[in-house]
$ cat data.txt   # compact mmCIF, C-alpha atoms
# COMPACT_ATOMS: atom_id res chain seq x y z
CA MET I 1 24.53 -7.16 -2.54
CA LEU I 2 24.25 -10.75 -3.72
CA TYR I 3 22.73 -9.50 -6.96
CA HIS I 4 25.68 -7.20 -7.67
CA LEU I 5 28.23 -9.77 -6.51
CA ASN I 6 26.68 -12.38 -8.77
CA GLU I 7 26.67 -9.88 -11.65
CA LEU I 8 30.40 -9.28 -11.12
CA LEU I 9 31.24 -12.99 -10.95
CA ALA I 10 29.16 -13.77 -14.04
CA ASN I 11 31.14 -11.21 -16.05
CA TYR I 12 34.55 -12.62 -15.12
CA PHE I 13 33.98 -16.28 -14.31
CA ASP I 14 31.99 -18.99 -16.05
CA ILE I 15 30.27 -20.38 -12.98
CA PRO I 16 27.32 -22.73 -13.64
CA GLY I 17 24.06 -21.07 -12.65
CA ALA I 18 25.78 -17.73 -12.04
CA ARG I 19 23.30 -15.86 -14.21
CA LEU I 20 20.26 -17.08 -12.31
CA MET I 21 20.22 -13.80 -10.40
CA SER I 22 19.66 -11.94 -13.65
CA TYR I 23 16.22 -13.54 -13.96
CA LEU I 24 13.50 -11.46 -12.36
CA THR I 25 11.32 -14.47 -11.59
CA PHE I 26 14.14 -16.27 -9.77
CA ARG I 27 15.03 -13.25 -7.64
CA SER I 28 11.36 -12.60 -6.87
CA GLY I 29 10.81 -16.18 -5.72
CA ALA I 30 14.01 -16.09 -3.68
CA ALA I 31 12.96 -12.75 -2.15
CA LEU I 32 9.59 -14.18 -1.14
CA MET I 33 11.13 -17.21 0.55
CA LEU I 34 13.97 -15.32 2.25
CA SER I 35 11.64 -12.61 3.57
CA LEU I 36 9.21 -15.25 4.83
CA PHE I 37 12.06 -17.08 6.57
CA ILE I 38 13.35 -13.90 8.23
CA SER I 39 9.91 -12.83 9.48
CA LEU I 40 9.12 -16.31 10.83
CA VAL I 41 12.45 -17.10 12.49
CA PHE I 42 13.61 -13.68 13.63
CA GLY I 43 10.03 -12.58 14.22
CA ARG I 44 9.74 -15.07 17.07
CA LYS I 45 12.93 -13.71 18.63
CA ILE I 46 11.74 -10.12 18.27
CA ILE I 47 8.39 -10.94 19.89
CA ASP I 48 10.16 -12.59 22.84
CA ARG I 49 12.40 -9.55 23.16
CA LEU I 50 9.44 -7.17 23.12
CA GLN I 51 7.81 -9.21 25.88
CA LEU I 52 10.95 -8.99 28.00
CA MET I 53 11.03 -5.23 27.46
CA GLN I 54 7.32 -5.08 28.41
CA VAL I 55 6.48 -3.26 25.21
CA GLY I 56 2.77 -4.05 25.45
CA GLU I 57 -0.32 -2.66 23.76
CA ILE I 58 -2.33 -0.16 25.79
CA ILE I 59 -6.04 -0.99 25.57
CA ARG I 60 -8.96 1.34 26.27
CA ASP I 61 -12.20 -0.28 27.44
CA LEU I 62 -14.59 0.29 24.52
CA ASP I 63 -17.04 -2.48 25.42
CA LEU I 64 -15.82 -4.77 22.65
CA GLU I 65 -15.80 -8.54 22.97
CA GLY I 66 -12.39 -9.95 23.95
CA GLN I 67 -10.82 -6.50 23.95
CA THR I 68 -9.45 -6.48 27.49
CA LYS I 69 -7.65 -9.80 26.88
CA LYS I 70 -5.37 -8.03 24.39
CA ALA I 71 -3.84 -5.73 26.98
CA GLY I 72 -0.12 -6.28 27.26
CA THR I 73 0.24 -8.04 23.90
CA PRO I 74 3.60 -6.96 22.40
CA THR I 75 3.32 -4.09 19.94
CA MET I 76 5.74 -2.42 17.50
CA GLY I 77 5.83 -5.73 15.62
CA GLY I 78 6.06 -3.76 12.38
CA VAL I 79 9.81 -3.92 13.00
CA ILE I 80 9.60 -7.56 11.87
CA ILE I 81 8.08 -6.57 8.53
CA ILE I 82 10.55 -3.74 7.94
CA LEU I 83 13.55 -5.90 8.86
CA ALA I 84 12.48 -8.70 6.50
CA ILE I 85 11.92 -6.27 3.61
CA VAL I 86 15.11 -4.25 3.99
CA VAL I 87 17.46 -7.21 4.52
CA THR I 88 15.96 -9.16 1.61
CA CYS I 89 16.05 -6.23 -0.82
CA LEU I 90 19.62 -5.32 0.13
CA LEU I 91 20.67 -8.88 -0.63
CA LEU I 92 18.64 -9.63 -3.75
CA GLY I 93 17.61 -6.26 -5.16
CA ASN I 94 19.24 -4.15 -7.84
CA LEU I 95 20.40 -1.20 -5.75
CA LYS I 96 21.14 0.82 -8.88
CA SER I 97 17.42 0.92 -9.72
CA VAL I 98 15.73 4.19 -8.81
CA TYR I 99 12.53 2.24 -8.21
CA MET I 100 14.16 -0.06 -5.64
CA ILE I 101 15.86 2.88 -3.93
CA LEU I 102 12.59 4.83 -3.65
CA MET I 103 10.77 1.83 -2.16
CA LEU I 104 13.51 1.31 0.44
CA VAL I 105 13.45 5.01 1.32
CA ALA I 106 9.66 4.89 1.72
CA THR I 107 9.92 1.80 3.95
CA VAL I 108 12.53 3.26 6.27
CA TRP I 109 11.00 6.76 6.29
CA LEU I 110 7.54 5.64 7.38
CA GLY I 111 8.99 2.95 9.62
CA VAL I 112 10.84 5.61 11.61
CA LEU I 113 7.72 7.80 11.70
CA GLY I 114 5.57 4.95 13.04
CA PHE I 115 8.27 3.85 15.48
CA CYS I 116 8.39 7.34 17.01
CA ASP I 117 4.60 7.30 17.40
CA ASP I 118 4.62 3.89 19.11
CA TYR I 119 7.53 4.90 21.34
CA LEU I 120 5.67 7.97 22.60
CA LYS I 121 2.56 5.89 23.34
CA ILE I 122 4.56 3.42 25.40
CA LYS I 123 6.53 6.15 27.15
CA ARG I 124 3.37 8.08 28.12
CA HIS I 125 1.38 4.89 28.93
CA ASN I 126 -1.62 6.01 26.86
CA LYS I 127 -2.93 5.96 23.30
CA GLU I 128 -1.83 9.53 22.61
CA GLY I 129 1.35 9.21 20.61
CA MET I 130 2.73 11.61 18.06
CA SER I 131 0.59 14.59 17.17
CA GLY I 132 -1.50 14.03 14.06
CA LYS I 133 0.03 17.06 12.33
CA PHE I 134 3.53 15.59 12.65
CA LYS I 135 2.33 12.34 11.05
CA ILE I 136 0.84 14.33 8.18
CA ILE I 137 4.07 16.31 7.79
CA GLY I 138 6.02 13.05 7.59
CA GLN I 139 3.66 11.58 5.00
CA VAL I 140 3.63 14.79 2.95
CA GLY I 141 7.43 14.82 3.10
CA LEU I 142 7.59 11.32 1.65
CA GLY I 143 5.12 12.27 -1.07
CA LEU I 144 7.33 15.22 -2.02
CA ILE I 145 10.44 13.03 -2.14
CA VAL I 146 8.74 10.49 -4.41
CA GLY I 147 7.09 13.04 -6.69
CA VAL I 148 10.20 15.22 -7.12
CA THR I 149 12.43 12.16 -7.71
CA LEU I 150 10.12 10.90 -10.44
CA TYR I 151 10.26 14.32 -12.06
CA TYR I 152 14.04 14.72 -12.04
CA SER I 153 15.26 11.13 -12.45
CA PRO I 154 16.26 10.31 -16.06
CA ASP I 155 15.57 6.62 -15.36
CA VAL I 156 11.85 7.18 -14.75
CA VAL I 157 10.38 6.93 -18.23
CA MET I 158 7.61 5.12 -20.06
CA ARG I 159 6.41 4.16 -23.51
CA GLN I 160 2.92 5.14 -24.49
CA ASN I 161 0.67 2.45 -25.91
CA HIS I 162 -1.63 3.14 -28.85
CA GLU I 163 -3.75 1.04 -31.18
CA THR I 164 -3.22 0.80 -34.94
CA LEU I 165 -5.13 -1.16 -37.56
CA ASN I 166 -3.29 -3.81 -39.58
CA THR I 167 -4.64 -3.24 -43.09
CA VAL I 168 -3.60 -6.72 -44.20
CA ASN I 169 -5.83 -8.71 -41.85
CA ASN I 170 -7.86 -5.87 -40.30
CA GLU I 171 -6.62 -6.74 -36.81
CA VAL I 172 -5.93 -4.18 -34.11
CA VAL I 173 -2.23 -4.05 -33.18
CA ILE I 174 -0.77 -2.45 -30.06
CA ASN I 175 2.29 -0.31 -30.71
CA TYR I 176 4.51 1.77 -28.45
CA THR I 177 6.40 5.00 -28.97
CA PRO I 178 9.88 4.00 -30.21
CA GLU I 179 11.67 6.11 -27.60
CA ASP I 180 11.39 6.30 -23.82
CA ILE I 181 9.58 9.48 -22.81
CA LYS I 182 9.19 11.50 -19.64
CA SER I 183 5.47 11.75 -19.03
CA THR I 184 2.80 12.49 -16.44
CA GLN I 185 0.58 9.76 -17.82
CA THR I 186 -1.07 7.25 -15.55
CA THR I 187 -3.53 4.37 -15.79
CA ILE I 188 -7.24 5.02 -15.53
CA PRO I 189 -10.03 2.42 -15.72
CA PHE I 190 -12.95 2.34 -18.17
CA VAL I 191 -11.07 4.32 -20.86
CA LYS I 192 -9.69 3.08 -24.18
CA ASN I 193 -5.91 2.53 -23.91
CA ASN I 194 -6.29 3.11 -20.14
CA ASN I 195 -4.17 6.27 -20.24
CA PHE I 196 -4.79 9.62 -18.58
CA ASP I 197 -2.28 12.45 -18.69
CA TYR I 198 -2.29 15.07 -15.93
CA ARG I 199 -1.20 17.47 -18.66
CA TYR I 200 -4.78 17.39 -19.95
CA LEU I 201 -5.64 19.54 -16.92
CA THR I 202 -2.97 22.14 -17.63
CA GLU I 203 -2.90 22.51 -21.43
CA TRP I 204 -4.47 25.96 -21.10
CA LEU I 205 -1.23 27.18 -19.48
CA GLY I 206 0.70 26.89 -22.74
CA ASP I 207 4.47 26.79 -22.14
CA TYR I 208 3.88 26.14 -18.45
CA ALA I 209 1.65 23.13 -19.04
CA GLU I 210 4.38 20.53 -18.49
CA PRO I 211 5.74 21.80 -15.12
CA ALA I 212 2.19 22.46 -13.93
CA ALA I 213 1.23 18.88 -14.78
CA TRP I 214 4.14 17.62 -12.68
CA ILE I 215 3.01 19.82 -9.80
CA ILE I 216 -0.43 18.20 -10.00
CA PHE I 217 1.25 14.78 -10.11
CA VAL I 218 3.22 15.59 -6.94
CA VAL I 219 0.04 16.76 -5.19
CA VAL I 220 -1.74 13.55 -6.22
CA THR I 221 1.23 11.56 -4.91
CA ILE I 222 1.04 13.33 -1.55
CA PHE I 223 -2.70 12.70 -1.35
CA PHE I 224 -2.49 8.98 -2.02
CA VAL I 225 0.49 8.43 0.29
CA THR I 226 -1.32 10.22 3.13
CA ALA I 227 -4.75 8.66 2.54
CA THR I 228 -3.49 5.10 2.08
CA SER I 229 -1.04 5.25 4.99
CA ASN I 230 -3.72 6.56 7.34
CA GLY I 231 -6.26 4.08 5.96
CA ALA I 232 -3.98 1.14 6.75
CA ASN I 233 -3.38 2.64 10.19
CA LEU I 234 -7.13 2.76 10.89
CA THR I 235 -7.68 -0.75 9.49
CA ASP I 236 -5.17 -2.16 11.97
CA GLY I 237 -7.74 -2.69 14.72
CA LEU I 238 -8.45 -6.42 14.63
CA ASP I 239 -6.09 -9.39 14.66
CA GLY I 240 -4.83 -10.05 11.13
CA LEU I 241 -7.15 -7.54 9.46
CA CYS I 242 -4.61 -5.06 8.11
CA THR I 243 -1.97 -7.72 7.46
CA GLY I 244 -4.22 -10.04 5.46
CA THR I 245 -5.93 -7.25 3.54
CA SER I 246 -2.56 -5.74 2.63
CA ALA I 247 -1.19 -9.09 1.43
CA ILE I 248 -4.12 -9.39 -1.01
CA ILE I 249 -3.53 -5.87 -2.30
CA CYS I 250 0.19 -6.53 -2.69
CA VAL I 251 -0.33 -9.66 -4.76
CA ALA I 252 -2.46 -7.64 -7.18
CA LEU I 253 0.13 -4.85 -7.37
CA ALA I 254 2.96 -7.34 -7.91
CA ILE I 255 1.11 -8.81 -10.91
CA MET I 256 0.51 -5.32 -12.33
CA ALA I 257 4.20 -4.42 -11.89
CA TYR I 258 5.32 -7.60 -13.63
CA LEU I 259 2.95 -7.05 -16.55
CA GLY I 260 3.79 -3.35 -16.88
CA GLY I 261 7.52 -4.02 -16.77
CA ASN I 262 7.41 -6.57 -19.60
CA ILE I 263 6.84 -5.12 -23.07
CA ILE I 264 5.34 -8.38 -24.41
CA TYR I 265 2.66 -8.65 -21.72
CA SER I 266 2.08 -4.89 -21.79
CA SER I 267 1.41 -5.04 -25.50
CA TYR I 268 -0.92 -8.02 -25.15
CA LEU I 269 -2.97 -6.28 -22.45
CA ASN I 270 -2.74 -2.82 -24.06
CA ILE I 271 -1.26 -1.11 -21.01
CA MET I 272 1.63 1.33 -20.73
CA TYR I 273 5.12 -0.15 -20.63
CA ILE I 274 7.45 1.21 -17.93
CA PRO I 275 11.08 0.20 -18.56
CA GLY I 276 12.93 -0.92 -15.44
CA SER I 277 9.83 -1.15 -13.26
CA GLY I 278 10.04 -4.94 -13.23
CA GLU I 279 12.58 -4.58 -10.40
CA LEU I 280 9.66 -3.59 -8.21
CA VAL I 281 8.41 -7.19 -8.35
CA VAL I 282 11.43 -8.23 -6.28
CA PHE I 283 10.57 -5.64 -3.65
CA MET I 284 6.91 -6.61 -3.59
CA ALA I 285 7.76 -10.30 -3.31
CA ALA I 286 9.85 -9.48 -0.23
CA PHE I 287 6.96 -7.41 1.13
CA ILE I 288 4.46 -10.22 0.62
CA GLY I 289 6.78 -12.71 2.31
CA ALA I 290 7.19 -10.36 5.27
CA LEU I 291 3.42 -9.90 5.57
CA ILE I 292 2.71 -13.63 5.45
CA GLY I 293 5.39 -14.33 8.03
CA PHE I 294 4.03 -11.62 10.31
CA LEU I 295 0.48 -12.90 9.80
CA TRP I 296 1.63 -16.22 11.29
CA TYR I 297 1.94 -14.44 14.65
CA ASN I 298 -0.75 -11.80 14.08
CA THR I 299 -3.76 -14.04 13.40
CA TYR I 300 -6.42 -14.35 16.08
CA PRO I 301 -5.54 -14.46 18.92
CA ALA I 302 -2.59 -12.24 18.04
CA GLN I 303 0.78 -12.84 19.65
CA VAL I 304 2.01 -9.45 18.44
CA PHE I 305 0.57 -6.23 17.03
CA MET I 306 2.29 -4.28 14.28
CA GLY I 307 1.57 -0.89 15.84
CA ASP I 308 1.96 2.32 13.86
CA THR I 309 5.48 1.12 13.05
CA GLY I 310 3.88 -1.41 10.73
CA SER I 311 0.53 0.06 9.70
CA LEU I 312 1.78 3.49 8.60
CA THR I 313 4.61 1.79 6.70
CA ILE I 314 2.35 -0.74 4.99
CA GLY I 315 -0.07 1.88 3.69
CA GLY I 316 2.72 4.14 2.51
CA ILE I 317 4.52 1.30 0.71
CA ILE I 318 1.33 0.35 -1.13
CA ALA I 319 0.70 3.95 -2.21
CA VAL I 320 4.27 4.63 -3.37
CA PHE I 321 4.41 1.31 -5.22
CA ALA I 322 1.16 2.07 -7.08
CA ILE I 323 2.45 5.53 -8.00
CA LEU I 324 5.72 4.13 -9.39
CA ILE I 325 3.86 1.75 -11.70
CA ARG I 326 1.36 4.50 -12.58
CA LYS I 327 -1.65 2.73 -11.07
CA GLU I 328 -2.49 5.26 -8.32
CA LEU I 329 -5.94 6.01 -9.75
CA LEU I 330 -6.84 2.33 -9.24
CA LEU I 331 -6.18 2.55 -5.49
CA PRO I 332 -9.72 3.69 -4.57
CA ILE I 333 -10.93 0.33 -5.90
CA LEU I 334 -8.02 -1.91 -4.90
CA CYS I 335 -7.61 -0.34 -1.44
CA GLY I 336 -11.34 0.17 -1.00
CA ILE I 337 -11.26 -1.24 2.53
CA PHE I 338 -8.61 1.28 3.62
CA TYR I 339 -10.50 4.20 2.14
CA VAL I 340 -13.86 3.12 3.56
CA GLU I 341 -12.23 2.96 6.99
CA ASP I 342 -10.92 6.49 6.40
CA LEU I 343 -14.33 7.69 5.24
CA SER I 344 -16.21 6.11 8.15
CA VAL I 345 -14.13 8.08 10.66
CA MET I 346 -14.51 11.35 8.76
CA LEU I 347 -18.28 10.91 8.40
CA GLN I 348 -18.66 10.00 12.07
CA VAL I 349 -16.73 13.05 13.26
CA PHE I 350 -18.50 15.40 10.84
CA TYR I 351 -22.00 14.14 11.68
CA PHE I 352 -21.36 14.19 15.42
CA LYS I 353 -20.15 17.82 15.33
CA TYR I 354 -22.94 18.83 12.97
CA THR I 355 -25.75 17.36 15.11
CA ARG I 356 -24.21 18.70 18.31
CA HIS I 357 -24.17 22.18 16.76
CA ARG I 358 -27.78 21.89 15.52
CA THR I 359 -29.42 20.08 18.43
CA GLY I 360 -26.98 20.41 21.32
CA LYS I 361 -26.46 16.64 21.40
CA GLY I 362 -24.10 14.85 19.07
CA ARG I 363 -25.37 11.76 17.25
CA ARG I 364 -23.47 9.03 15.44
CA ILE I 365 -23.90 7.27 12.12
CA PHE I 366 -22.09 4.12 13.23
CA LYS I 367 -21.95 2.39 16.58
CA MET I 368 -18.22 2.97 16.54
CA THR I 369 -15.46 3.82 14.06
CA PRO I 370 -13.29 2.78 12.27
CA LEU I 371 -15.93 0.74 10.46
CA HIS I 372 -14.75 -2.73 11.54
CA HIS I 373 -15.58 -1.85 15.17
CA HIS I 374 -19.15 -1.01 14.13
CA TYR I 375 -19.78 -4.69 13.43
CA GLN I 376 -17.98 -5.75 16.58
CA LYS I 377 -19.81 -3.51 19.04
CA PRO I 378 -23.06 -4.88 20.57
CA GLY I 379 -26.26 -2.86 20.95
CA ASN I 380 -27.95 -0.17 18.85
CA SER I 381 -26.30 3.15 19.50
CA GLY I 382 -26.14 5.94 16.97
CA ILE I 383 -28.81 6.46 14.31
CA GLU I 384 -31.69 4.06 15.02
CA ALA I 385 -32.22 3.39 11.33
CA ILE I 386 -31.20 1.14 8.45
CA ILE I 387 -27.48 1.32 9.22
CA GLN I 388 -27.98 0.25 12.83
CA LYS I 389 -30.78 -2.28 13.22
CA PRO I 390 -29.63 -5.22 11.05
CA PHE I 391 -26.30 -5.59 12.82
CA ASN I 392 -25.66 -7.42 16.04
CA ALA I 393 -22.16 -8.01 17.39
CA ILE I 394 -20.09 -10.23 15.10
CA SER I 395 -17.08 -12.20 16.27
CA GLU I 396 -13.67 -10.72 15.49
CA SER I 397 -12.42 -13.65 13.42
CA LYS I 398 -15.56 -13.58 11.26
CA ILE I 399 -15.23 -9.84 10.61
CA VAL I 400 -11.59 -10.28 9.57
CA THR I 401 -12.35 -13.20 7.25
CA ARG I 402 -15.21 -11.32 5.57
CA PHE I 403 -13.05 -8.25 5.04
CA TRP I 404 -10.41 -10.50 3.44
CA ILE I 405 -13.07 -11.88 1.07
CA ILE I 406 -14.13 -8.33 0.17
CA GLY I 407 -10.47 -7.50 -0.44
CA ILE I 408 -10.18 -10.39 -2.90
CA PHE I 409 -13.28 -9.21 -4.76
CA LEU I 410 -11.88 -5.68 -4.96
CA ALA I 411 -8.58 -7.00 -6.36
CA VAL I 412 -10.44 -8.96 -9.05
CA ILE I 413 -12.62 -5.94 -9.89
CA THR I 414 -9.49 -3.80 -10.23
CA PHE I 415 -8.15 -6.07 -12.96
CA VAL I 416 -11.56 -6.29 -14.64
CA THR I 417 -11.84 -2.49 -14.91
CA LEU I 418 -8.75 -2.43 -17.13
CA LYS I 419 -10.60 -4.44 -19.79
CA ILE I 420 -14.01 -2.75 -19.52
CA ARG I 421 -13.81 0.17 -21.93

$ encode --input "data.txt" --output "structure tokens"
Amino acid sequence: MLYHLNELLANYFDIPGARLMSYLTFRSGAALMLSLFISLVFGRKIIDRLQLMQVGEIIRDLDLEGQTKKAGTPTMGGVIIILAIVVTCLLLGNLKSVYMILMLVATVWLGVLGFCDDYLKIKRHNKEGMSGKFKIIGQVGLGLIVGVTLYYSPDVVMRQNHETLNTVNNEVVINYTPEDIKSTQTTIPFVKNNNFDYRYLTEWLGDYAEPAAWIIFVVVTIFFVTATSNGANLTDGLDGLCTGTSAIICVALAIMAYLGGNIIYSSYLNIMYIPGSGELVVFMAAFIGALIGFLWYNTYPAQVFMGDTGSLTIGGIIAVFAILIRKELLLPILCGIFYVEDLSVMLQVFYFKYTRHRTGKGRRIFKMTPLHHHYQKPGNSGIEAIIQKPFNAISESKIVTRFWIIGIFLAVITFVTLKIR
């Protein structure tokens, strides 16, 4: 709103500093600070309100150190994050941008989905909230909305980068297609020019290659939205773990969005240029500010938990954002912690069912899943082998800090892969 109001005033009145809002860096910095302020100030009021309403976390006794002390801690704190993002983007964002609109839709969509899940848990006084299939339906629905919008929107275009040799000085020059094109291209590491087109998989279909490529793109979108959202949900098991890890991921994505939305930096780094995607930096700045503000109250010992209201939303936002800047194939590296948490649960369930079918008694690979609980749980249960014996119980704060460090390494590696060809 302020962005559009300022744009109107700048066109009709010569007000000093009126055009500041037209600068992406200024609006991004303002979004970060405003979102941080909202999450810190109003976050405290929301936490107090949740305590008065007795909206507390329900804890199962899993023999984890300090676990029982968390019972009754206010949950559904993801409302703080969502409020800070939405208010900030409505004030400072360009609401004509399809990228900004999609990110706001993703935030509200998954926020409502997670809120319903948390509400059912509190209402039933147990950990059984919304059925898993309904969560999947909600995530698939968002993936369809994003994928179909990218296909039909005339504002979602790109310019393909390609190398040419300057015959005068024999230097390699990066050029772009002169016109904006509709394309199913995305970024892939370890490949010259870093481009991969989903159309490569459908060229054998002839005239149907283009629509088939978009169908594959939509399916990929659904997969990453679902996997990343659930991965963040599983990672939200220790104080500050999901929040801090997500903040690291978001900083990396914000940098990628800024570089990919600027034709000068895109050319220098030999990456695809996506016109208009720079507006996403404003959204991500608001998201980072909201996460940092929430982390103030969520660090050990947590004064509030985000619940599914926050964790499902965080993962979905990260996935949709990466898809919009065509960096979804980098998520397995950048969001490695989320996906390892996903994988640990799937492996545990599969191995337990498999051994129970073969031997009549189910065995476990890890002491407990998701993976972060494996390091937290004392004793040697599960496979008495390499995975089990070296690990004793580790304090919660140490596990969280080490996962943050791993997250930083993964973010650095993600950038490095773009230059290793």

$ closest_residue --input "data.txt" --among "I:Ile318, I:Val225, I:Ala393, I:Ile38" --to "Phe283 (chain I)" --atoms "only C-alpha atoms"
I:Ile318

$ residues_around --input "data.txt" --residues "Gly310 (chain I)" --least-positions-apart "2" --cutoff "8 Å" --atoms "all atoms listed in the file" --output "MDAnalysis selection string"
chainID I and resid 76:79 81:82 111 114 306:308 312:314

$ atom_distance --input "data.txt" --atom1 "CA of Tyr119 (chain I)" --atom2 "CA of Ala227 (chain I)"
22.8 Å

$ atom_distance --input "data.txt" --atom1 "CA of Asp117 (chain I)" --atom2 "CA of Ile137 (chain I)"
13.2 Å

$ residues_around --input "data.txt" --residues "Leu259 (chain I)" --least-positions-apart "4" --cutoff "10 Å" --atoms "all atoms listed in the file" --output "list of chain:residue names"
I:Leu253, I:Ala254, I:Ile255, I:Ile263, I:Ile264, I:Tyr265, I:Ser266, I:Ser267, I:Tyr268, I:Leu269, I:Ile271, I:Met272, I:Tyr273, I:Ile274, I:Ser277, I:Gly278, I:Val281

$ closest_residue --input "data.txt" --among "I:Arg326, I:Asp48, I:Thr243, I:Val412" --to "Ser183 (chain I)" --atoms "only C-alpha atoms"
I:Arg326

$ atom_distance --input "data.txt" --atom1 "CA of Gly237 (chain I)" --atom2 "CA of Glu341 (chain I)"
10.6 Å

$ closest_residue --input "data.txt" --among "I:Glu210, I:Glu279, I:Asp236, I:Glu179" --to "Asn94 (chain I)" --atoms "only C-alpha atoms"
I:Glu279

$ closest_residue --input "data.txt" --among "I:Gly72, I:Gly147, I:Gly93, I:Gly141" --to "Met21 (chain I)" --atoms "all atoms listed in the file"
I:Gly93

$ closest_residue --input "data.txt" --among "I:Leu418, I:Ala84, I:Leu201, I:Lys367" --to "Val41 (chain I)" --atoms "all atoms listed in the file"
I:Ala84

$ residues_near_point --input "data.txt" --point "(-9.8, -5.0, 7.8)" --cutoff "7 Å" --atoms "all atoms listed in the file" --output "tab-separated table (two decimals) with C-alpha atoms, in the coordinates of the input"
chain	number	residue	atom	x	y	z
I	235	THR	CA	-7.68	-0.75	9.49
I	236	ASP	CA	-5.17	-2.16	11.97
I	241	LEU	CA	-7.15	-7.54	9.46
I	242	CYS	CA	-4.61	-5.06	8.11
I	245	THR	CA	-5.93	-7.25	3.54
I	337	ILE	CA	-11.26	-1.24	2.53
I	372	HIS	CA	-14.75	-2.73	11.54
I	400	VAL	CA	-11.59	-10.28	9.57
I	403	PHE	CA	-13.05	-8.25	5.04

$ residues_around --input "data.txt" --residues "Ala322 (chain I)" --least-positions-apart "6" --cutoff "12 Å" --atoms "all atoms listed in the file" --output "ChimeraX atom specification"
/I:99,103,146,186-187,220-221,224-225,228,249-250,252-257,260,277,280-281,284,315-316,328-332,334-335

$ write_last_selection --input "data.txt" --atoms "C-alpha atoms" --output "PDB file, keeping the file's coordinate frame"
ATOM      1  CA  TYR I  99      12.530   2.240  -8.210  1.00  0.00           C
ATOM      2  CA  MET I 103      10.770   1.830  -2.160  1.00  0.00           C
ATOM      3  CA  VAL I 146       8.740  10.490  -4.410  1.00  0.00           C
ATOM      4  CA  THR I 186      -1.070   7.250 -15.550  1.00  0.00           C
ATOM      5  CA  THR I 187      -3.530   4.370 -15.790  1.00  0.00           C
ATOM      6  CA  VAL I 220      -1.740  13.550  -6.220  1.00  0.00           C
ATOM      7  CA  THR I 221       1.230  11.560  -4.910  1.00  0.00           C
ATOM      8  CA  PHE I 224      -2.490   8.980  -2.020  1.00  0.00           C
ATOM      9  CA  VAL I 225       0.490   8.430   0.290  1.00  0.00           C
ATOM     10  CA  THR I 228      -3.490   5.100   2.080  1.00  0.00           C
ATOM     11  CA  ILE I 249      -3.530  -5.870  -2.300  1.00  0.00           C
ATOM     12  CA  CYS I 250       0.190  -6.530  -2.690  1.00  0.00           C
ATOM     13  CA  ALA I 252      -2.460  -7.640  -7.180  1.00  0.00           C
ATOM     14  CA  LEU I 253       0.130  -4.850  -7.370  1.00  0.00           C
ATOM     15  CA  ALA I 254       2.960  -7.340  -7.910  1.00  0.00           C
ATOM     16  CA  ILE I 255       1.110  -8.810 -10.910  1.00  0.00           C
ATOM     17  CA  MET I 256       0.510  -5.320 -12.330  1.00  0.00           C
ATOM     18  CA  ALA I 257       4.200  -4.420 -11.890  1.00  0.00           C
ATOM     19  CA  GLY I 260       3.790  -3.350 -16.880  1.00  0.00           C
ATOM     20  CA  SER I 277       9.830  -1.150 -13.260  1.00  0.00           C
ATOM     21  CA  LEU I 280       9.660  -3.590  -8.210  1.00  0.00           C
ATOM     22  CA  VAL I 281       8.410  -7.190  -8.350  1.00  0.00           C
ATOM     23  CA  MET I 284       6.910  -6.610  -3.590  1.00  0.00           C
ATOM     24  CA  GLY I 315      -0.070   1.880   3.690  1.00  0.00           C
ATOM     25  CA  GLY I 316       2.720   4.140   2.510  1.00  0.00           C
ATOM     26  CA  GLU I 328      -2.490   5.260  -8.320  1.00  0.00           C
ATOM     27  CA  LEU I 329      -5.940   6.010  -9.750  1.00  0.00           C
ATOM     28  CA  LEU I 330      -6.840   2.330  -9.240  1.00  0.00           C
ATOM     29  CA  LEU I 331      -6.180   2.550  -5.490  1.00  0.00           C
ATOM     30  CA  PRO I 332      -9.720   3.690  -4.570  1.00  0.00           C
ATOM     31  CA  LEU I 334      -8.020  -1.910  -4.900  1.00  0.00           C
ATOM     32  CA  CYS I 335      -7.610  -0.340  -1.440  1.00  0.00           C
TER      33      CYS I 335
END

$ closest_residue --input "data.txt" --among "I:Thr417, I:Thr184, I:Asn230, I:Ser28" --to "Pro370 (chain I)" --atoms "all atoms listed in the file"
I:Asn230
